[in-house]
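Shown next: query_6.cif, given as mmCIF, C-alpha atoms and all ligand atoms.
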```
data_upload
loop_
_atom_site.label_atom_id
_atom_site.label_comp_id
_atom_site.auth_asym_id
_atom_site.auth_seq_id
_atom_site.Cartn_x
_atom_site.Cartn_y
_atom_site.Cartn_z
CA MET A 219 -14.12 -7.93 -16.04
CA THR A 220 -16.70 -9.06 -13.46
CA THR A 221 -15.31 -10.57 -10.32
CA ASN A 222 -16.72 -13.74 -8.89
CA LEU A 223 -16.94 -12.90 -5.19
CA LEU A 224 -17.39 -15.54 -2.52
CA TYR A 225 -17.44 -14.85 1.22
CA GLY A 226 -18.14 -16.81 4.39
CA LYS A 227 -16.87 -18.04 7.74
CA ASP A 228 -14.73 -20.92 6.51
CA LEU A 229 -14.09 -21.40 2.81
CA ARG A 230 -10.93 -23.47 3.08
CA SER A 231 -12.06 -26.10 0.57
CA ASP A 232 -13.04 -23.44 -2.00
CA ILE A 233 -9.61 -21.88 -1.52
CA LYS A 234 -7.82 -25.19 -2.04
CA SER A 235 -9.67 -25.89 -5.26
CA ALA A 236 -9.16 -22.32 -6.56
CA LEU A 237 -5.42 -22.51 -5.80
CA SER A 238 -5.10 -25.84 -7.56
CA LEU A 239 -6.12 -24.07 -10.80
CA CYS A 240 -3.43 -21.39 -10.49
CA ALA A 241 0.02 -21.67 -12.04
CA MET A 242 1.60 -19.75 -9.18
CA VAL A 243 0.62 -18.71 -5.66
CA VAL A 244 2.17 -15.63 -4.08
CA THR A 245 2.11 -14.94 -0.38
CA ASP A 246 4.19 -13.14 2.21
CA GLU A 247 6.51 -14.62 4.81
CA ASN A 248 4.01 -14.39 7.69
CA VAL A 249 1.11 -15.96 5.82
CA ALA A 250 3.44 -18.68 4.50
CA ARG A 251 4.42 -19.53 8.07
CA LEU A 252 0.85 -19.47 9.40
CA TYR A 253 -0.89 -21.27 6.54
CA PRO A 254 1.45 -23.95 5.12
CA GLU A 255 -1.56 -25.92 3.84
CA PHE A 256 -2.07 -23.27 1.13
CA THR A 257 1.48 -22.18 0.46
CA LYS A 258 3.43 -25.23 -0.73
CA ASN A 259 5.54 -24.09 -3.72
CA ALA A 260 4.32 -20.53 -3.23
CA TYR A 261 6.55 -17.60 -4.11
CA VAL A 262 7.09 -15.79 -0.82
CA ILE A 263 7.64 -12.04 -0.73
CA PRO A 264 8.86 -10.08 2.30
CA ALA A 265 5.98 -8.80 4.43
CA GLY A 266 4.94 -5.20 4.99
CA GLU A 267 4.25 -1.90 3.29
CA LYS A 268 7.96 -1.06 3.00
CA ASN A 269 8.25 -3.92 0.51
CA LYS A 270 5.34 -2.78 -1.69
CA ASN A 271 7.83 -1.36 -4.13
CA GLU A 272 9.44 -1.76 -7.53
CA VAL A 273 12.14 -4.11 -6.20
CA THR A 274 9.61 -6.68 -4.97
CA LEU A 275 7.44 -6.16 -8.05
CA PHE A 276 10.25 -6.85 -10.51
CA ALA A 277 11.48 -9.82 -8.50
CA LEU A 278 7.94 -11.21 -8.70
CA LEU A 279 7.72 -10.61 -12.46
CA ALA A 280 11.09 -12.31 -12.90
CA GLU A 281 9.81 -15.30 -10.94
CA MET A 282 6.69 -15.49 -13.14
CA ASP A 283 8.97 -15.52 -16.17
CA LYS A 284 11.29 -18.10 -14.59
CA ARG A 285 8.34 -20.40 -13.84
CA GLY A 286 7.28 -20.06 -17.48
CA LEU A 287 3.82 -18.58 -16.90
CA LYS A 288 1.80 -18.19 -20.09
CA ARG A 289 -0.83 -15.66 -21.00
CA ASP A 290 -3.69 -18.04 -20.15
CA ASP A 291 -2.21 -18.96 -16.75
CA LYS A 292 -3.62 -17.60 -13.51
CA ILE A 293 -1.73 -16.32 -10.53
CA ALA A 294 -3.09 -16.20 -6.97
CA ALA A 295 -2.50 -13.67 -4.19
CA LEU A 296 -2.86 -15.10 -0.69
CA GLY A 297 -2.31 -12.39 1.87
CA GLY A 298 -3.16 -8.89 2.98
CA GLY A 299 -3.51 -5.72 0.94
CA VAL A 300 0.21 -5.56 0.22
CA VAL A 301 0.31 -9.00 -1.42
CA GLY A 302 -2.98 -8.34 -3.26
CA ASP A 303 -1.93 -4.91 -4.59
CA MET A 304 1.43 -6.22 -5.74
CA VAL A 305 0.22 -9.47 -7.32
CA GLY A 306 -2.64 -7.63 -9.03
CA LEU A 307 -0.19 -5.15 -10.55
CA ALA A 308 2.19 -7.93 -11.64
CA ALA A 309 -0.78 -9.76 -13.23
CA SER A 310 -1.76 -6.59 -15.10
CA LEU A 311 1.77 -6.18 -16.48
CA TYR A 312 2.89 -9.72 -17.25
CA MET A 313 2.33 -10.42 -20.95
CA ARG A 314 0.08 -7.31 -20.93
CA GLY A 315 -2.31 -8.89 -18.45
CA ILE A 316 -3.10 -12.33 -17.09
CA ALA A 317 -5.96 -13.44 -14.82
CA TRP A 318 -5.52 -13.52 -11.07
CA VAL A 319 -7.33 -14.76 -7.98
CA ASN A 320 -7.30 -12.82 -4.74
CA ILE A 321 -7.60 -14.53 -1.36
CA PRO A 322 -7.43 -11.82 1.32
CA THR A 323 -6.16 -12.85 4.74
CA THR A 324 -6.42 -9.57 6.69
CA LEU A 325 -9.53 -7.71 7.78
CA LEU A 326 -8.53 -4.67 5.71
CA ALA A 327 -8.09 -6.77 2.58
CA MET A 328 -11.43 -8.53 3.18
CA VAL A 329 -13.49 -5.35 3.54
CA ASP A 330 -11.62 -3.17 1.11
CA SER A 331 -8.50 -3.86 -0.95
CA SER A 332 -9.55 -7.23 -2.40
CA ILE A 333 -12.63 -5.73 -4.06
CA GLY A 334 -12.56 -3.35 -6.98
CA GLY A 335 -9.45 -4.09 -9.00
CA LYS A 336 -7.16 -1.32 -7.82
CA THR A 337 -3.55 -2.52 -7.80
CA ALA A 338 -0.40 -0.56 -7.04
CA ILE A 339 3.05 -0.17 -5.56
CA ASP A 340 4.44 2.80 -3.64
CA PHE A 341 7.11 4.80 -5.45
CA ASP A 342 9.34 7.77 -4.66
CA GLY A 343 7.84 8.01 -1.16
CA ILE A 344 4.31 8.28 -2.52
CA LYS A 345 1.72 5.64 -1.77
CA ASN A 346 0.24 3.75 -4.69
CA LEU A 347 1.88 6.06 -7.24
CA ILE A 348 2.32 3.31 -9.82
CA GLY A 349 -0.66 1.08 -10.43
CA ALA A 350 -3.40 -0.17 -12.68
CA PHE A 351 -7.04 -1.15 -12.59
CA HIS A 352 -6.99 -4.91 -13.04
CA ALA A 353 -9.83 -6.72 -11.28
CA ALA A 354 -9.27 -10.22 -9.95
CA GLU A 355 -11.25 -12.90 -11.73
CA ARG A 356 -12.19 -14.40 -8.39
CA VAL A 357 -12.07 -13.19 -4.78
CA ILE A 358 -12.56 -15.66 -1.94
CA ILE A 359 -13.02 -14.07 1.47
CA SER A 360 -12.81 -16.58 4.30
CA TYR A 361 -13.12 -15.11 7.77
CA HIS A 362 -11.19 -17.97 9.40
CA PHE A 363 -7.96 -16.12 8.52
CA LEU A 364 -8.88 -13.45 11.09
CA GLU A 365 -8.13 -15.86 13.93
CA THR A 366 -4.35 -15.34 13.57
CA LEU A 367 -4.35 -11.55 13.08
CA TYR A 368 -2.37 -9.37 15.46
CA GLU A 369 -4.23 -6.62 17.30
CA GLU A 370 -2.69 -3.88 15.13
CA ASP A 371 -4.02 -5.58 12.00
CA TRP A 372 -7.51 -5.75 13.49
CA LEU A 373 -7.23 -2.05 14.16
CA CYS A 374 -6.07 -1.46 10.62
CA GLY A 375 -9.11 -3.29 9.24
CA TYR A 376 -11.42 -1.41 11.58
CA GLY A 377 -10.18 1.84 10.01
CA GLU A 378 -11.37 0.96 6.52
CA MET A 379 -14.46 -0.76 7.93
CA ILE A 380 -15.52 2.36 9.81
CA LYS A 381 -14.84 4.49 6.73
CA THR A 382 -17.09 2.25 4.61
CA CYS A 383 -19.81 2.33 7.25
CA LEU A 384 -20.01 6.13 6.86
CA LEU A 385 -21.18 5.69 3.27
CA THR A 386 -24.78 4.65 3.86
CA GLU A 387 -27.30 5.35 6.62
CA LYS A 388 -27.90 1.62 7.05
CA SER A 389 -24.22 0.73 7.49
CA TYR A 390 -23.67 3.67 9.82
CA ALA A 391 -26.56 2.52 12.02
CA LEU A 392 -25.11 -1.01 12.01
CA LEU A 393 -21.70 0.35 13.04
CA ILE A 394 -23.08 2.39 15.93
CA GLU A 395 -25.24 -0.52 17.08
CA ASN A 396 -22.22 -2.88 17.04
CA LEU A 397 -19.46 -0.52 18.15
CA GLU A 398 -18.97 -1.98 21.62
CA SER A 399 -19.13 -5.52 20.23
CA ILE A 400 -16.39 -4.89 17.68
CA VAL A 401 -14.24 -3.24 20.35
CA GLU A 402 -14.58 -6.63 22.10
CA TYR A 403 -13.85 -8.48 18.79
CA ASP A 404 -17.24 -10.19 18.92
CA ARG A 405 -17.13 -12.40 15.84
CA ASP A 406 -20.83 -12.20 14.91
CA ALA A 407 -20.69 -8.39 14.98
CA VAL A 408 -17.46 -8.36 12.98
CA TYR A 409 -18.85 -10.77 10.36
CA ALA A 410 -22.06 -8.71 10.01
CA LEU A 411 -20.02 -5.56 9.41
CA ILE A 412 -17.63 -7.30 7.01
CA GLU A 413 -20.61 -8.43 4.90
CA GLU A 414 -22.13 -4.97 4.90
CA CYS A 415 -18.81 -3.45 3.80
CA ILE A 416 -18.30 -6.04 1.05
CA LYS A 417 -21.77 -5.26 -0.34
CA ILE A 418 -21.17 -1.50 -0.27
CA LYS A 419 -17.74 -1.71 -1.85
CA GLN A 420 -18.95 -4.10 -4.53
CA ALA A 421 -21.92 -1.86 -5.38
CA VAL A 422 -19.76 1.26 -5.58
CA VAL A 423 -17.01 -0.26 -7.74
CA CYS A 424 -19.52 -1.91 -10.07
CA ALA A 425 -21.20 1.48 -10.60
CA ASP A 426 -17.87 3.25 -11.19
CA PRO A 427 -15.01 0.80 -11.86
CA LYS A 428 -12.42 3.41 -12.89
CA GLU A 429 -13.12 6.03 -10.19
CA LYS A 430 -14.56 8.65 -12.49
CA GLY A 431 -17.22 9.74 -10.03
CA LEU A 432 -19.09 7.80 -7.33
CA ARG A 433 -16.10 5.63 -6.37
CA LYS A 434 -14.33 8.69 -5.00
CA ILE A 435 -16.54 8.38 -1.90
CA LEU A 436 -14.33 5.46 -0.87
CA ASN A 437 -11.57 8.02 -0.28
CA VAL A 438 -13.18 9.45 2.84
CA GLY A 439 -10.39 10.25 5.30
CA HIS A 440 -7.72 9.37 2.74
CA THR A 441 -6.41 12.78 1.60
CA VAL A 442 -5.15 13.75 5.03
CA GLY A 443 -4.83 10.07 6.04
CA HIS A 444 -2.34 9.24 3.27
CA ALA A 445 -0.41 12.47 3.91
CA LEU A 446 -0.18 11.68 7.64
CA GLU A 447 0.90 8.12 6.87
CA ALA A 448 3.82 9.32 4.72
CA ALA A 449 4.70 12.22 7.04
CA ASP A 450 4.86 9.78 9.95
CA GLY A 451 7.06 7.32 8.05
CA TYR A 452 4.35 4.60 8.01
CA LYS A 453 4.80 4.00 11.76
CA SER A 454 1.20 2.92 12.36
CA THR A 455 -1.11 0.93 10.11
CA HIS A 456 -2.95 2.31 7.08
CA GLY A 457 -6.35 1.97 8.74
CA GLU A 458 -5.26 3.96 11.77
CA TYR A 459 -4.23 6.83 9.49
CA VAL A 460 -7.59 6.60 7.74
CA LEU A 461 -9.29 7.15 11.12
CA LYS A 462 -6.93 10.02 11.92
CA GLY A 463 -7.70 11.40 8.46
CA ILE A 464 -11.46 11.17 9.03
CA MET A 465 -11.28 12.99 12.37
CA THR A 466 -8.98 15.69 10.97
CA GLU A 467 -10.90 16.30 7.72
CA CYS A 468 -14.24 16.42 9.60
CA THR A 469 -12.79 18.89 12.12
CA MET A 470 -11.21 21.02 9.37
CA CYS A 471 -14.64 21.33 7.74
CA LYS A 472 -16.72 21.22 10.91
CA ASP A 473 -18.73 24.23 9.70
CA ILE A 474 -20.47 22.03 7.13
CA VAL A 475 -20.72 18.73 9.04
CA ASP A 476 -23.93 17.84 10.89
CA GLU A 477 -23.17 18.56 14.56
CA GLU A 478 -24.58 15.37 16.08
CA PHE A 479 -22.91 13.24 13.42
CA TYR A 480 -19.62 15.12 13.96
CA ASN A 481 -19.60 14.49 17.71
CA GLN A 482 -20.44 10.83 17.23
CA ILE A 483 -17.84 10.17 14.53
CA ILE A 484 -15.06 11.89 16.50
CA SER A 485 -15.85 9.75 19.52
CA VAL A 486 -15.96 6.59 17.32
CA CYS A 487 -12.50 7.40 15.88
CA LYS A 488 -11.14 8.15 19.34
CA ARG A 489 -12.13 4.67 20.52
CA PHE A 490 -9.39 3.38 18.21
CA VAL A 491 -6.77 6.09 17.58
CA THR A 492 -5.31 9.27 19.05
CA PRO A 493 -5.49 12.55 17.09
CA PRO A 494 -2.63 13.25 14.68
CA ARG A 495 0.37 15.35 15.67
CA SER A 496 2.11 15.98 12.33
CA SER A 497 2.73 19.61 11.46
CA VAL A 498 0.97 21.22 8.53
CA SER A 499 4.32 21.67 6.79
CA SER A 500 4.85 17.92 6.71
CA VAL A 501 1.28 17.17 5.62
CA LYS A 502 0.25 19.85 3.13
CA GLY A 503 2.82 19.08 0.41
CA ARG A 504 1.84 15.44 0.53
CA ALA A 505 -1.89 16.23 0.49
CA LEU A 506 -1.25 18.41 -2.57
CA HIS A 507 0.16 15.37 -4.36
CA ASP A 508 -3.07 13.41 -3.81
CA LYS A 509 -4.44 11.80 -6.97
CA LYS A 510 -7.92 13.28 -6.38
CA ASN A 511 -6.71 16.87 -6.73
CA TYR A 512 -6.99 19.03 -9.78
CA GLY A 513 -5.78 22.61 -10.10
CA ASP A 514 -3.91 23.74 -7.00
CA MET A 515 -6.74 22.94 -4.59
CA ILE A 516 -6.75 20.01 -2.15
CA THR A 517 -9.71 17.66 -2.47
CA VAL A 518 -11.29 15.83 0.45
CA MET A 519 -14.27 13.50 0.40
CA LEU A 520 -16.14 14.73 3.43
CA PRO A 521 -18.87 12.84 5.29
CA ILE A 522 -21.26 15.63 6.33
CA ALA A 523 -23.83 13.16 7.67
CA ALA A 524 -24.32 9.38 7.58
CA GLY A 525 -24.54 8.37 3.92
CA ASN A 526 -23.92 11.91 2.67
CA ILE A 527 -20.44 12.45 1.24
CA LEU A 528 -19.47 15.82 -0.16
CA HIS A 529 -16.63 16.51 -2.60
CA VAL A 530 -14.85 19.50 -1.01
CA ARG A 531 -11.99 21.46 -2.56
CA ILE A 532 -9.81 23.47 -0.18
CA ALA A 533 -7.48 26.27 -1.28
CA GLN A 534 -3.89 25.86 -0.07
CA HIS A 535 -3.86 28.80 2.37
CA ASP A 536 -7.24 27.72 3.74
CA PHE A 537 -5.88 24.17 4.21
CA THR A 538 -3.07 25.51 6.40
CA GLU A 539 -5.41 27.45 8.67
CA ARG A 540 -8.02 24.73 8.89
CA TYR A 541 -5.47 21.97 9.53
CA ASP A 542 -3.71 23.93 12.27
CA SER A 543 -6.91 24.76 14.09
CA ALA A 544 -8.26 21.20 13.68
CA ILE A 545 -5.12 19.74 15.27
CA LYS A 546 -5.43 22.18 18.19
CA GLU A 547 -9.12 21.42 18.65
CA LEU A 548 -8.65 17.64 18.52
CA LYS A 549 -5.81 17.82 21.03
CA LYS A 550 -7.93 19.89 23.41
CA ALA A 551 -11.10 17.80 23.18
N1 LIG A 601 -6.30 -1.90 -3.72
C1 LIG A 601 -7.11 -1.25 -2.92
O1 LIG A 601 -8.23 -0.88 -3.29
C2 LIG A 601 -6.66 -0.92 -1.52
C3 LIG A 601 -7.59 -0.44 -0.57
C4 LIG A 601 -7.15 -0.23 0.73
C5 LIG A 601 -5.84 -0.50 1.08
N2 LIG A 601 -4.97 -0.97 0.13
C6 LIG A 601 -3.58 -1.26 0.48
O2 LIG A 601 -3.57 -2.37 1.37
C7 LIG A 601 -2.35 -2.34 2.10
C8 LIG A 601 -2.64 -2.64 3.55
O3 LIG A 601 -3.17 -3.95 3.63
P1 LIG A 601 -3.04 -4.82 4.95
O4 LIG A 601 -3.46 -4.00 6.10
O5 LIG A 601 -3.71 -6.11 4.70
O6 LIG A 601 -1.46 -4.97 5.11
P2 LIG A 601 -0.43 -6.19 4.89
O7 LIG A 601 -0.71 -6.90 3.64
O8 LIG A 601 0.91 -5.60 5.08
O9 LIG A 601 -0.77 -7.15 6.11
C9 LIG A 601 -0.52 -6.71 7.42
C10 LIG A 601 0.31 -7.73 8.19
O10 LIG A 601 -0.51 -8.85 8.48
C11 LIG A 601 0.17 -10.05 8.11
N3 LIG A 601 -0.89 -11.02 7.83
C12 LIG A 601 -1.60 -11.18 6.71
N4 LIG A 601 -2.59 -12.07 6.91
C13 LIG A 601 -2.46 -12.51 8.18
C14 LIG A 601 -3.18 -13.43 8.98
N5 LIG A 601 -4.27 -14.06 8.53
N6 LIG A 601 -2.78 -13.63 10.26
C15 LIG A 601 -1.71 -12.95 10.76
N7 LIG A 601 -1.00 -12.05 10.05
C16 LIG A 601 -1.38 -11.84 8.78
C17 LIG A 601 1.05 -9.64 6.98
O11 LIG A 601 2.12 -10.53 6.82
C18 LIG A 601 1.51 -8.27 7.41
O12 LIG A 601 2.59 -8.38 8.29
C19 LIG A 601 -1.77 -0.95 1.90
O13 LIG A 601 -0.66 -1.07 1.04
C20 LIG A 601 -2.88 -0.16 1.23
O14 LIG A 601 -2.38 0.82 0.38
C21 LIG A 601 -5.36 -1.19 -1.15
#
```
Target format structure tokens, applied to this file:
Amino acid sequence: MTTNLLYGKDLRSDIKSALSLCAMVVTDENVARLYPEFTKNAYVIPAGEKNKNEVTLFALLAEMDKRGLKRDDKIAALGGGVVGDMVGLAASLYMRGIAWVNIPTTLLAMVDSSIGGKTAIDFDGIKNLIGAFHAAERVIISYHFLETLYEEDWLCGYGEMIKTCLLTEKSYALLIENLESIVEYDRDAVYALIEECIKIKQAVVCADPKEKGLRKILNVGHTVGHALEAADGYKSTHGEYVLKGIMTECTMCKDIVDEEFYNQIISVCKRFVTPPRSSVSSVKGRALHDKKNYGDMITVMLPIAAGNILHVRIAQHDFTERYDSAIKELKKA
């Protein structure tokens, strides 16, 4: 399915008309409180990653059934990545798949999760273990939602934004040029980077919708990032772990990363997060469970220079040594 993607500074009227065509709107408790103009009669789920699970999913499916949704009805997600991932998965399951509209309200969801049709819940302590590819029919990205974000959710979005900017030379140059401005939350700089990230993500997922090849580059920082996130009990935001993942994976494989690029990317990550502290014993098992792996090697998507992402497979014993020395080096630096 091709997604109709609309983005801009203030698309409130487009959102209202899109929502009026949906049989059900789903949001979370925070978005419901902040944006009552869009959430009248909405089904409200509890906020946060800890609720991206089978309990919330089945409660949502039961509500869709209770409201009598039919196969040709549409459902809308209005919220961050948690609401989008969950509603997308419910839409893929209900009556074997109904159409859905995604209206992202966090920076992370605008630059990343709302584009590309990946939907999921966490299960058995593993992130996104149960999911489906089910692209939204329409995505409306309106930057006005950013005005109510908490600082930690800005930081979370910056994580995925910085990751995406590593994928092309042009976006990397734009990131470096605007780094100080985004630290200061300068809106023009943020909007320019959002638009660059949307274009990159859209191009990548159109070329490889089911992650058979090229799309794997979007997993930069995510092998170690996801493992750190679970090992740490999801204490910080997803985007912060992505940045910790990028700095750790680049340091683990420093021997093949361009030196100037390495120094720059470590200092970019350190503007936003501190190096990870989790022990290799708490990280390796989780990294081994990563969906990108095959055989008993651990796969990382490694940026070796701006716009140059290498698929690297690390043997388990090598992972232990490299992780341990990376953590020591990052702590020292
Ligand atoms: N499907 C994908 O391709 C993909 C890609 C990246 C991340 N993800 C997933 O996205 C999730 C993270 O998304 P997220 O960071 O948006 O988290 P989130 O949905 O939990 O939102 C973060 C917090 O911000 C609040 N919020 C939402 N919009 C707001 C607004 N406009 N103003 C103030 N507060 C607002 C939420 O209530 C929540 O408390 C993770 O579960 C991750 O796995 C999915």
Just want the residues within 7 Å of ligand LIG 601 (chain A), written as an MDAnalysis selection string, counting only C-alpha atoms and all ligand atoms.
chainID A and resid 246:249 252 265:267 270 297:301 303 323:327 330:338 345:346 363:368 371 374:375 455:456
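When all atoms listed in the file are used to compute distances to A:Glu447, the closest of the residues A:Phe351, A:Phe256, A:Phe537, A:Tyr459 turns out to be A:Tyr459.
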Every residue with an atom at most 12 Å from (-0.8, 18.5, 16.3) (file coordinates; only C-alpha atoms) is what I'm after, so could you write them as a ChimeraX atom specification?
/A:446,462,466,492-501,541-550
Point-to-point distance from atom CA of A:Ile263 to atom CA of A:Ile348, Å rounded to tenths:
18.6 Å
Spatial neighbours of A:Ile474, max dist 12 Å, all atoms listed in the file, sep filter under 4 positions, as number ranges by chain
A: 467-470, 478-480, 520-523, 526-530
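Distance check against A:Val423 using only C-alpha atoms: of A:Ala353, A:Leu278, A:Leu392, A:Gly463, the minimum falls on A:Ala353.
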For A:Ala350, the nearest of the candidates A:Asp508, A:Glu429, A:Asp473, A:Glu539, counting only C-alpha atoms
A:Glu429
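Taking atom CA of A:Val329 and atom CA of A:Cys240 as endpoints, the distance between them is 23.6 Å.
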Would you kindly return, as an MDAnalysis selection string, each protein, DNA or RNA residue with an atom no farther than 12 Å from any atom of A:Ser238, considering only C-alpha atoms and excluding same-chain residues fewer than 6 positions away?
chainID A and resid 231:232 255:260 291:294 319
Go ahead and write the selection's residues with C-alpha atoms as a short mmCIF file (atom, residue, chain, number, x, y, z; two decimals), keeping the file's coordinate frame.
```
data_model
loop_
_atom_site.label_atom_id
_atom_site.label_comp_id
_atom_site.auth_asym_id
_atom_site.auth_seq_id
_atom_site.Cartn_x
_atom_site.Cartn_y
_atom_site.Cartn_z
CA SER A 231 -12.06 -26.10 0.57
CA ASP A 232 -13.04 -23.44 -2.00
CA GLU A 255 -1.56 -25.92 3.84
CA PHE A 256 -2.07 -23.27 1.13
CA THR A 257 1.48 -22.18 0.46
CA LYS A 258 3.43 -25.23 -0.73
CA ASN A 259 5.54 -24.09 -3.72
CA ALA A 260 4.32 -20.53 -3.23
CA ASP A 291 -2.21 -18.96 -16.75
CA LYS A 292 -3.62 -17.60 -13.51
CA ILE A 293 -1.73 -16.32 -10.53
CA ALA A 294 -3.09 -16.20 -6.97
CA VAL A 319 -7.33 -14.76 -7.98
#
```
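Going from atom CA of A:Pro264 over to atom CA of A:Leu237, you cover 20.6 Å.
Candidate residues A:Asp340, A:Asp290, A:Asp404, A:Glu355 were compared for distance to A:Asn222, and the nearest is A:Glu355, using all atoms listed in the file.
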Take every atom of stretch 452-463 of chain A listed in the file, pad by 5 Å on each side, and give me the axis-aligned box centre and edge lengths in Å, one decimal, as lines of an AutoDock Vina configuration file.
```
center_x = -2.2
center_y = 6.2
center_z = 9.7
size_x = 24.1
size_y = 20.5
size_z = 15.3
```
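Among the candidate residues A:Asp514, A:Glu458, A:Asp283, A:Glu272, the one lying nearest to A:Tyr376 is A:Glu458, with distances computed using only C-alpha atoms.
When all atoms listed in the file are used to measure the gap to A:Gly349, the shortest distance among A:Ile418, A:Ala317, A:Gly503, A:Lys509 belongs to A:Lys509.
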Hey, could you patch up stretch 493-506 of chain A with N, CA and C atoms and hand it over as a JSON list (two decimals), keeping the file's coordinate frame?
```json
[["chain", "number", "residue", "atom", "x", "y", "z"],
["A", 493, "PRO", "N", -5.55, 11.56, 18.17],
["A", 493, "PRO", "CA", -5.49, 12.55, 17.09],
["A", 493, "PRO", "C", -4.07, 12.69, 16.54],
["A", 494, "PRO", "N", -3.96, 13.12, 15.27],
["A", 494, "PRO", "CA", -2.63, 13.25, 14.68],
["A", 494, "PRO", "C", -1.83, 14.37, 15.30],
["A", 495, "ARG", "N", -0.50, 14.31, 15.13],
["A", 495, "ARG", "CA", 0.37, 15.35, 15.67],
["A", 495, "ARG", "C", 1.20, 16.02, 14.59],
["A", 496, "SER", "N", 1.21, 15.47, 13.38],
["A", 496, "SER", "CA", 2.11, 15.98, 12.33],
["A", 496, "SER", "C", 1.82, 17.44, 12.03],
["A", 497, "SER", "N", 2.89, 18.18, 11.75],
["A", 497, "SER", "CA", 2.73, 19.61, 11.46],
["A", 497, "SER", "C", 2.18, 19.79, 10.06],
["A", 498, "VAL", "N", 1.55, 20.96, 9.84],
["A", 498, "VAL", "CA", 0.97, 21.22, 8.53],
["A", 498, "VAL", "C", 2.05, 21.23, 7.45],
["A", 499, "SER", "N", 3.26, 21.63, 7.81],
["A", 499, "SER", "CA", 4.32, 21.67, 6.79],
["A", 499, "SER", "C", 4.68, 20.27, 6.31],
["A", 500, "SER", "N", 4.52, 19.28, 7.16],
["A", 500, "SER", "CA", 4.85, 17.92, 6.71],
["A", 500, "SER", "C", 3.67, 17.25, 6.02],
["A", 501, "VAL", "N", 2.48, 17.82, 6.16],
["A", 501, "VAL", "CA", 1.28, 17.17, 5.62],
["A", 501, "VAL", "C", 0.79, 17.82, 4.32],
["A", 502, "LYS", "N", 0.87, 19.16, 4.27],
["A", 502, "LYS", "CA", 0.25, 19.85, 3.13],
["A", 502, "LYS", "C", 0.84, 19.47, 1.77],
["A", 503, "GLY", "N", 2.16, 19.44, 1.68],
["A", 503, "GLY", "CA", 2.82, 19.08, 0.41],
["A", 503, "GLY", "C", 2.36, 17.71, -0.06],
["A", 504, "ARG", "N", 2.25, 16.80, 0.89],
["A", 504, "ARG", "CA", 1.84, 15.44, 0.53],
["A", 504, "ARG", "C", 0.37, 15.42, 0.13],
["A", 505, "ALA", "N", -0.45, 16.17, 0.84],
["A", 505, "ALA", "CA", -1.89, 16.23, 0.49],
["A", 505, "ALA", "C", -2.07, 16.84, -0.91],
["A", 506, "LEU", "N", -1.18, 17.77, -1.25],
["A", 506, "LEU", "CA", -1.25, 18.41, -2.57],
["A", 506, "LEU", "C", -0.96, 17.43, -3.70]]
```
